[in-house]
$ cat final.cif   # mmCIF, N, CA and C atoms
data_final
#
loop_
_atom_site.label_atom_id
_atom_site.label_comp_id
_atom_site.auth_asym_id
_atom_site.auth_seq_id
_atom_site.Cartn_x
_atom_site.Cartn_y
_atom_site.Cartn_z
N SER A 4 1.15 23.08 1.68
CA SER A 4 1.27 24.24 0.81
C SER A 4 0.68 25.48 1.45
N GLU A 5 -0.10 25.32 2.48
CA GLU A 5 -0.65 26.47 3.19
C GLU A 5 0.25 26.89 4.35
N MET A 6 1.48 26.43 4.33
CA MET A 6 2.42 26.71 5.41
C MET A 6 3.34 27.87 5.01
N ASP A 7 3.65 28.72 5.97
CA ASP A 7 4.56 29.82 5.67
C ASP A 7 5.98 29.25 5.52
N PRO A 8 6.84 29.95 4.77
CA PRO A 8 8.19 29.42 4.50
C PRO A 8 9.02 29.11 5.75
N VAL A 9 8.89 29.89 6.80
CA VAL A 9 9.68 29.64 8.02
C VAL A 9 9.24 28.33 8.68
N SER A 10 7.93 28.13 8.82
CA SER A 10 7.42 26.88 9.41
C SER A 10 7.76 25.69 8.54
N TRP A 11 7.65 25.87 7.22
CA TRP A 11 7.98 24.79 6.28
C TRP A 11 9.44 24.38 6.45
N ARG A 12 10.34 25.36 6.51
CA ARG A 12 11.77 25.09 6.66
C ARG A 12 12.04 24.34 7.96
N ARG A 13 11.40 24.72 9.04
CA ARG A 13 11.61 24.04 10.34
C ARG A 13 11.13 22.60 10.29
N GLN A 14 10.03 22.35 9.60
CA GLN A 14 9.49 21.00 9.54
C GLN A 14 10.27 20.11 8.58
N ILE A 15 10.69 20.63 7.46
CA ILE A 15 11.37 19.84 6.44
C ILE A 15 12.84 19.61 6.76
N ASN A 16 13.48 20.57 7.40
CA ASN A 16 14.93 20.48 7.63
C ASN A 16 15.29 20.77 9.09
N PRO A 17 14.69 20.05 10.04
CA PRO A 17 14.92 20.39 11.45
C PRO A 17 16.36 20.21 11.91
N GLY A 18 17.06 19.23 11.38
CA GLY A 18 18.43 18.97 11.82
C GLY A 18 19.48 19.55 10.90
N GLY A 19 19.06 20.31 9.91
CA GLY A 19 20.02 20.91 8.99
C GLY A 19 20.69 19.94 8.04
N LYS A 20 20.01 18.80 7.73
CA LYS A 20 20.64 17.81 6.85
C LYS A 20 20.74 18.28 5.41
N TYR A 21 19.86 19.20 4.99
CA TYR A 21 19.98 19.76 3.65
C TYR A 21 20.89 20.98 3.72
N MET A 22 21.99 20.94 3.00
CA MET A 22 22.95 22.04 3.01
C MET A 22 23.61 22.13 1.64
N PRO A 23 24.24 23.26 1.34
CA PRO A 23 24.89 23.41 0.04
C PRO A 23 25.83 22.24 -0.26
N GLY A 24 25.75 21.75 -1.48
CA GLY A 24 26.58 20.63 -1.90
C GLY A 24 25.88 19.28 -1.82
N LYS A 25 24.81 19.19 -1.06
CA LYS A 25 24.05 17.94 -0.96
C LYS A 25 23.11 17.83 -2.16
N PRO A 26 22.78 16.60 -2.60
CA PRO A 26 21.95 16.42 -3.79
C PRO A 26 20.59 17.13 -3.75
N ALA A 27 19.94 17.18 -2.61
CA ALA A 27 18.60 17.78 -2.52
C ALA A 27 18.63 19.27 -2.23
N TRP A 28 19.82 19.87 -2.11
CA TRP A 28 19.90 21.28 -1.70
C TRP A 28 19.16 22.22 -2.64
N TYR A 29 19.34 22.08 -3.94
CA TYR A 29 18.71 23.00 -4.89
C TYR A 29 17.19 23.04 -4.69
N MET A 30 16.58 21.87 -4.58
CA MET A 30 15.13 21.82 -4.42
C MET A 30 14.70 22.42 -3.09
N PHE A 31 15.40 22.05 -2.03
CA PHE A 31 15.06 22.60 -0.72
C PHE A 31 15.24 24.11 -0.70
N ASP A 32 16.35 24.59 -1.21
CA ASP A 32 16.66 26.02 -1.18
C ASP A 32 15.66 26.83 -1.99
N SER A 33 15.21 26.30 -3.13
CA SER A 33 14.25 27.05 -3.94
C SER A 33 12.92 27.21 -3.22
N CYS A 34 12.58 26.30 -2.34
CA CYS A 34 11.33 26.41 -1.57
C CYS A 34 11.51 27.23 -0.30
N GLN A 35 12.65 27.07 0.38
CA GLN A 35 12.84 27.79 1.64
C GLN A 35 12.98 29.29 1.45
N ASN A 36 13.36 29.71 0.27
CA ASN A 36 13.57 31.14 0.00
C ASN A 36 12.38 31.83 -0.63
N LYS A 37 11.22 31.20 -0.59
CA LYS A 37 10.01 31.83 -1.13
C LYS A 37 9.74 33.12 -0.38
N ARG A 38 9.31 34.13 -1.08
CA ARG A 38 8.98 35.42 -0.48
C ARG A 38 7.47 35.63 -0.44
N THR A 39 6.72 34.55 -0.56
CA THR A 39 5.26 34.61 -0.53
C THR A 39 4.76 34.23 0.86
N ALA A 40 3.46 34.40 1.08
CA ALA A 40 2.89 34.08 2.38
C ALA A 40 2.95 32.58 2.67
N THR A 41 2.83 31.75 1.64
CA THR A 41 2.91 30.30 1.80
C THR A 41 3.90 29.74 0.78
N VAL A 42 4.40 28.54 1.05
CA VAL A 42 5.37 27.95 0.13
C VAL A 42 4.72 27.50 -1.17
N GLY A 43 3.45 27.16 -1.14
CA GLY A 43 2.72 26.80 -2.36
C GLY A 43 2.79 25.33 -2.70
N VAL A 44 1.92 24.95 -3.61
CA VAL A 44 1.76 23.56 -3.99
C VAL A 44 3.03 22.96 -4.59
N MET A 45 3.81 23.73 -5.28
CA MET A 45 4.99 23.19 -5.95
C MET A 45 6.04 22.68 -4.96
N CYS A 46 5.94 23.06 -3.71
CA CYS A 46 6.90 22.62 -2.69
C CYS A 46 6.31 21.56 -1.76
N SER A 47 5.16 21.00 -2.11
CA SER A 47 4.53 20.03 -1.22
C SER A 47 4.74 18.58 -1.65
N ALA A 48 5.50 18.35 -2.70
CA ALA A 48 5.67 16.98 -3.22
C ALA A 48 6.56 16.12 -2.34
N VAL A 49 6.19 14.86 -2.22
CA VAL A 49 7.01 13.88 -1.52
C VAL A 49 8.21 13.49 -2.38
N LEU A 50 7.98 13.32 -3.67
CA LEU A 50 9.05 12.98 -4.61
C LEU A 50 9.05 14.03 -5.72
N TRP A 51 10.20 14.67 -5.93
CA TRP A 51 10.33 15.71 -6.96
C TRP A 51 11.52 15.35 -7.84
N SER A 52 11.26 15.04 -9.10
CA SER A 52 12.32 14.70 -10.04
C SER A 52 12.44 15.79 -11.09
N GLN A 53 13.67 16.17 -11.39
CA GLN A 53 13.91 17.17 -12.42
C GLN A 53 14.66 16.58 -13.62
N ASN A 54 14.86 15.28 -13.62
CA ASN A 54 15.63 14.63 -14.68
C ASN A 54 14.75 14.12 -15.80
N ASN A 55 15.28 14.10 -17.00
CA ASN A 55 14.61 13.44 -18.12
C ASN A 55 14.83 11.94 -17.99
N GLY A 56 13.86 11.16 -18.46
CA GLY A 56 14.02 9.72 -18.48
C GLY A 56 13.75 9.03 -17.16
N LEU A 57 13.04 9.67 -16.25
CA LEU A 57 12.69 9.03 -14.97
C LEU A 57 11.87 7.78 -15.24
N GLN A 58 12.20 6.69 -14.57
CA GLN A 58 11.45 5.44 -14.67
C GLN A 58 11.06 4.99 -13.28
N LEU A 59 9.76 4.81 -13.07
CA LEU A 59 9.24 4.33 -11.80
C LEU A 59 8.42 3.07 -12.08
N GLN A 60 8.60 2.04 -11.23
CA GLN A 60 7.87 0.80 -11.45
C GLN A 60 7.65 0.09 -10.13
N ASN A 61 6.44 -0.45 -9.97
CA ASN A 61 6.09 -1.33 -8.85
C ASN A 61 6.33 -0.70 -7.48
N LEU A 62 5.80 0.49 -7.28
CA LEU A 62 5.92 1.12 -5.96
C LEU A 62 4.72 2.03 -5.70
N THR A 63 4.66 2.53 -4.49
CA THR A 63 3.63 3.48 -4.10
C THR A 63 4.31 4.75 -3.62
N ILE A 64 3.82 5.88 -4.12
CA ILE A 64 4.29 7.19 -3.67
C ILE A 64 3.09 7.85 -3.02
N ALA A 65 3.19 8.17 -1.74
CA ALA A 65 2.03 8.69 -1.02
C ALA A 65 2.39 9.93 -0.22
N ASN A 66 1.55 10.93 -0.32
CA ASN A 66 1.60 12.09 0.55
C ASN A 66 0.36 11.99 1.41
N ASN A 67 0.52 11.61 2.66
CA ASN A 67 -0.62 11.33 3.52
C ASN A 67 -1.11 12.53 4.32
N LEU A 68 -0.81 13.73 3.86
CA LEU A 68 -1.33 14.92 4.54
C LEU A 68 -2.84 14.85 4.67
N GLY A 69 -3.52 14.30 3.67
CA GLY A 69 -4.98 14.20 3.70
C GLY A 69 -5.51 13.45 4.90
N ASP A 70 -4.68 12.59 5.49
CA ASP A 70 -5.10 11.83 6.66
C ASP A 70 -5.09 12.66 7.94
N SER A 71 -4.45 13.83 7.90
CA SER A 71 -4.26 14.59 9.14
C SER A 71 -4.91 15.96 9.14
N VAL A 72 -5.56 16.35 8.05
CA VAL A 72 -6.20 17.66 8.01
C VAL A 72 -7.65 17.52 7.57
N ASP A 73 -8.44 18.51 7.93
CA ASP A 73 -9.83 18.50 7.50
C ASP A 73 -9.97 19.32 6.22
N ALA A 74 -11.18 19.75 5.93
CA ALA A 74 -11.44 20.49 4.70
C ALA A 74 -10.57 21.74 4.61
N GLY A 75 -10.36 22.19 3.42
CA GLY A 75 -9.54 23.37 3.20
C GLY A 75 -8.77 23.24 1.90
N THR A 76 -7.84 24.11 1.69
CA THR A 76 -7.08 24.09 0.45
C THR A 76 -5.71 23.45 0.63
N HIS A 77 -5.58 22.59 1.60
CA HIS A 77 -4.31 21.90 1.83
C HIS A 77 -4.07 20.91 0.69
N GLN A 78 -2.97 21.06 0.01
CA GLN A 78 -2.65 20.17 -1.09
C GLN A 78 -1.55 19.21 -0.66
N ALA A 79 -1.65 18.00 -1.15
CA ALA A 79 -0.67 16.98 -0.79
C ALA A 79 -0.20 16.30 -2.07
N VAL A 80 0.75 16.90 -2.73
CA VAL A 80 1.28 16.35 -3.97
C VAL A 80 2.17 15.16 -3.64
N ALA A 81 1.93 14.05 -4.30
CA ALA A 81 2.76 12.87 -4.09
C ALA A 81 3.99 12.91 -5.00
N LEU A 82 3.79 13.23 -6.28
CA LEU A 82 4.88 13.18 -7.26
C LEU A 82 4.88 14.44 -8.11
N ARG A 83 6.03 15.07 -8.21
CA ARG A 83 6.23 16.19 -9.13
C ARG A 83 7.38 15.81 -10.05
N SER A 84 7.12 15.85 -11.34
CA SER A 84 8.16 15.54 -12.32
C SER A 84 8.27 16.69 -13.30
N ASP A 85 9.45 17.29 -13.38
CA ASP A 85 9.70 18.40 -14.30
C ASP A 85 10.44 17.92 -15.55
N GLY A 86 10.68 16.63 -15.66
CA GLY A 86 11.45 16.10 -16.78
C GLY A 86 10.59 15.64 -17.94
N ASP A 87 11.26 15.21 -18.99
CA ASP A 87 10.63 14.70 -20.20
C ASP A 87 10.86 13.19 -20.27
N GLN A 88 10.05 12.50 -21.04
CA GLN A 88 10.17 11.07 -21.26
C GLN A 88 10.13 10.29 -19.95
N VAL A 89 9.10 10.54 -19.15
CA VAL A 89 8.90 9.87 -17.87
C VAL A 89 8.07 8.61 -18.09
N GLN A 90 8.50 7.50 -17.50
CA GLN A 90 7.78 6.24 -17.61
C GLN A 90 7.32 5.82 -16.22
N ILE A 91 6.02 5.61 -16.09
CA ILE A 91 5.44 5.19 -14.81
C ILE A 91 4.64 3.92 -15.08
N ASN A 92 5.02 2.82 -14.42
CA ASN A 92 4.39 1.53 -14.66
C ASN A 92 4.05 0.86 -13.34
N ASN A 93 2.77 0.56 -13.16
CA ASN A 93 2.30 -0.12 -11.95
C ASN A 93 2.69 0.64 -10.68
N VAL A 94 2.41 1.93 -10.67
CA VAL A 94 2.74 2.79 -9.54
C VAL A 94 1.46 3.39 -8.96
N ASN A 95 1.28 3.28 -7.67
CA ASN A 95 0.17 3.93 -6.98
C ASN A 95 0.64 5.31 -6.54
N ILE A 96 -0.07 6.35 -6.98
CA ILE A 96 0.28 7.72 -6.61
C ILE A 96 -0.88 8.26 -5.79
N LEU A 97 -0.62 8.47 -4.49
CA LEU A 97 -1.68 8.85 -3.56
C LEU A 97 -1.42 10.22 -2.96
N GLY A 98 -2.42 11.06 -2.97
CA GLY A 98 -2.31 12.40 -2.39
C GLY A 98 -3.69 12.94 -2.08
N ARG A 99 -3.77 14.23 -1.84
CA ARG A 99 -5.04 14.84 -1.48
C ARG A 99 -5.62 15.63 -2.64
N GLN A 100 -4.86 16.50 -3.21
CA GLN A 100 -5.32 17.39 -4.28
C GLN A 100 -4.09 17.67 -5.14
N ASN A 101 -4.25 17.71 -6.45
CA ASN A 101 -3.09 17.88 -7.34
C ASN A 101 -2.04 16.81 -7.04
N THR A 102 -2.47 15.56 -7.04
CA THR A 102 -1.64 14.44 -6.64
C THR A 102 -0.36 14.29 -7.45
N PHE A 103 -0.44 14.59 -8.75
CA PHE A 103 0.71 14.41 -9.65
C PHE A 103 0.84 15.66 -10.51
N LEU A 104 1.99 16.32 -10.41
CA LEU A 104 2.26 17.50 -11.25
C LEU A 104 3.42 17.21 -12.15
#

$ encode --input "final.cif" --output "C-alpha coordinates"
Amino acid sequence: SEMDPVSWRRQINPGGKYMPGKPAWYMFDSCQNKRTATVGVMCSAVLWSQNNGLQLQNLTIANNLGDSVDAGTHQAVALRSDGDQVQINNVNILGRQNTFL
(Lines of atoms letter the chains of each structure in order from A and count residues from 1; the text may use other names and numbers.)
(Lines give C-alpha, C1' and ligand atoms only; values in the text may rest on other atoms or scores of the structure.)
Protein backbone atom coordinates (compact mmCIF):
# COMPACT_ATOMS: atom_id res chain seq x y z
CA SER A 1 0.00 0.00 0.00
CA GLU A 2 3.01 2.28 0.26
CA MET A 3 3.72 1.72 -3.43
CA ASP A 4 3.11 4.34 -6.09
CA PRO A 5 0.50 3.41 -8.74
CA VAL A 6 3.06 2.98 -11.55
CA SER A 7 5.23 0.55 -9.54
CA TRP A 8 2.12 -1.26 -8.31
CA ARG A 9 0.85 -1.71 -11.89
CA ARG A 10 4.23 -3.09 -13.04
CA GLN A 11 4.35 -5.59 -10.19
CA ILE A 12 0.73 -6.74 -10.34
CA ASN A 13 0.31 -6.89 -14.12
CA PRO A 14 3.76 -7.39 -15.66
CA GLY A 15 2.58 -9.46 -18.63
CA GLY A 16 -0.61 -7.55 -19.29
CA LYS A 17 -2.87 -10.46 -18.30
CA TYR A 18 -5.45 -8.10 -16.81
CA MET A 19 -7.25 -6.34 -19.66
CA PRO A 20 -10.74 -5.05 -20.45
CA GLY A 21 -13.26 -7.87 -20.57
CA LYS A 22 -11.38 -10.13 -18.14
CA PRO A 23 -13.09 -10.93 -14.79
CA ALA A 24 -10.50 -9.13 -12.63
CA TRP A 25 -10.24 -6.04 -14.86
CA TYR A 26 -12.58 -3.80 -12.85
CA MET A 27 -10.66 -4.35 -9.62
CA PHE A 28 -7.27 -3.97 -11.25
CA ASP A 29 -8.30 -0.87 -13.20
CA SER A 30 -9.76 0.87 -10.15
CA CYS A 31 -6.39 0.54 -8.39
CA GLN A 32 -4.09 1.26 -11.34
CA ASN A 33 -5.82 4.58 -12.03
CA LYS A 34 -5.32 6.03 -8.55
CA ARG A 35 -4.23 9.66 -8.65
CA THR A 36 -2.71 9.55 -5.17
CA ALA A 37 0.92 9.15 -4.15
CA THR A 38 0.31 5.52 -3.13
CA VAL A 39 -2.29 2.95 -4.13
CA GLY A 40 -3.44 2.58 -0.52
CA VAL A 41 -4.57 -0.24 1.69
CA MET A 42 -7.72 -0.99 -0.29
CA CYS A 43 -5.59 -2.24 -3.20
CA SER A 44 -3.30 -4.49 -1.17
CA ALA A 45 -5.65 -7.47 -0.71
CA VAL A 46 -4.74 -10.93 -1.95
CA LEU A 47 -8.42 -11.85 -2.29
CA TRP A 48 -11.04 -9.17 -3.03
CA SER A 49 -14.69 -10.19 -3.32
CA GLN A 50 -17.48 -7.82 -4.27
CA ASN A 51 -20.30 -10.38 -4.34
CA ASN A 52 -23.00 -10.99 -1.77
CA GLY A 53 -23.15 -14.48 -0.31
CA LEU A 54 -19.42 -15.28 -0.43
CA GLN A 55 -18.69 -18.59 1.31
CA LEU A 56 -15.17 -19.58 2.32
CA GLN A 57 -14.34 -22.81 4.13
CA ASN A 58 -11.27 -24.84 5.09
CA LEU A 59 -8.54 -22.73 3.54
CA THR A 60 -5.84 -20.20 4.31
CA ILE A 61 -5.66 -16.74 2.76
CA ALA A 62 -2.28 -15.14 3.36
CA ASN A 63 -0.60 -11.90 2.37
CA ASN A 64 3.01 -12.56 3.29
CA LEU A 65 4.31 -9.03 2.74
CA GLY A 66 5.08 -8.97 6.47
CA ASP A 67 7.77 -11.59 5.86
CA SER A 68 9.71 -9.30 3.52
CA VAL A 69 9.56 -5.82 5.06
CA ASP A 70 10.66 -4.29 8.31
CA ALA A 71 8.84 -1.75 10.47
CA GLY A 72 6.73 0.88 8.79
CA THR A 73 3.21 1.42 7.59
CA HIS A 74 3.25 -1.37 5.03
CA GLN A 75 -0.13 -3.06 5.12
CA ALA A 76 -0.76 -6.57 3.92
CA VAL A 77 -4.49 -7.20 3.62
CA ALA A 78 -5.29 -10.86 3.09
CA LEU A 79 -9.04 -10.61 2.45
CA ARG A 80 -11.26 -7.72 1.39
CA SER A 81 -14.97 -8.37 1.13
CA ASP A 82 -17.37 -5.65 -0.03
CA GLY A 83 -20.40 -7.95 -0.08
CA ASP A 84 -23.17 -8.80 2.36
CA GLN A 85 -24.01 -12.16 3.97
CA VAL A 86 -20.42 -13.46 3.95
CA GLN A 87 -19.77 -16.83 5.60
CA ILE A 88 -16.27 -17.73 6.75
CA ASN A 89 -15.76 -21.12 8.38
CA ASN A 90 -12.45 -22.65 9.47
CA VAL A 91 -10.39 -20.13 7.47
CA ASN A 92 -6.96 -18.82 8.46
CA ILE A 93 -6.61 -15.17 7.42
CA LEU A 94 -2.99 -14.04 7.66
CA GLY A 95 -1.60 -10.58 6.99
CA ARG A 96 0.43 -7.79 8.52
CA GLN A 97 -1.94 -4.95 9.38
CA ASN A 98 -5.65 -4.55 8.57
CA THR A 99 -5.70 -8.26 7.71
CA PHE A 100 -9.41 -8.39 6.87
CA LEU A 101 -11.46 -5.49 5.51

$ residues_around --input "final.cif" --residues "Ala40 in chain A" --least-positions-apart "5" --cutoff "12 Å" --atoms "only C-alpha atoms" --output "list in words"
Ser4, Glu5, Met6, Asp7, Pro8, Val9, Ser10, Trp11 and Gln35 of chain A

$ resolve_selection --input "final.cif" --expression "the PyMOL selection byres ((chain A and resi 52) around 6)" --output "count of residues only"
8

$ closest_residue --input "final.cif" --among "A:Gly43, A:Pro23, A:Pro17, A:Gly56" --to "Ile91 in chain A" --atoms "only C-alpha atoms"
A:Gly56

$ select_by_dssp --input "final.cif" --residues "chain A" --states "helix (DSSP H, G or I)" --output "number ranges by chain"
A: 8-15, 28-35, 44-46, 67-70

$ closest_residue --input "final.cif" --among "A:Ile64, A:Ala27, A:Ala79, A:Leu59" --to "Ser47 in chain A" --atoms "all atoms listed in the file"
A:Ala79

$ atom_distance --input "final.cif" --atom1 "CA of Leu97 in chain A" --atom2 "CA of Arg13 in chain A"
24.5 Å

$ resolve_selection --input "final.cif" --expression "the PyMOL selection byres ((chain A and resi 93) around 7)" --output "PyMOL selection string"
chain A and resi 59-63+91-92+94-95

$ closest_residue --input "final.cif" --among "A:Cys34, A:Ala48, A:Val42, A:Val80" --to "Gly98 in chain A" --atoms "only C-alpha atoms"
A:Val80

$ resolve_selection --input "final.cif" --expression "the PyMOL selection byres (((chain A and resi 88 and name CA) around 6) and name CA)" --output "NGL selection string"
:A and (55-56 or 87 or 89)

$ select_by_dssp --input "final.cif" --residues "chain A" --states "strand (DSSP E)" --output "PyMOL selection string"
chain A and resi 50-52+58-65+82-84+90-97

$ atom_distance --input "final.cif" --atom1 "atom C of Phe103 in chain A" --atom2 "atom C of Gln58 in chain A"
15.0 Å
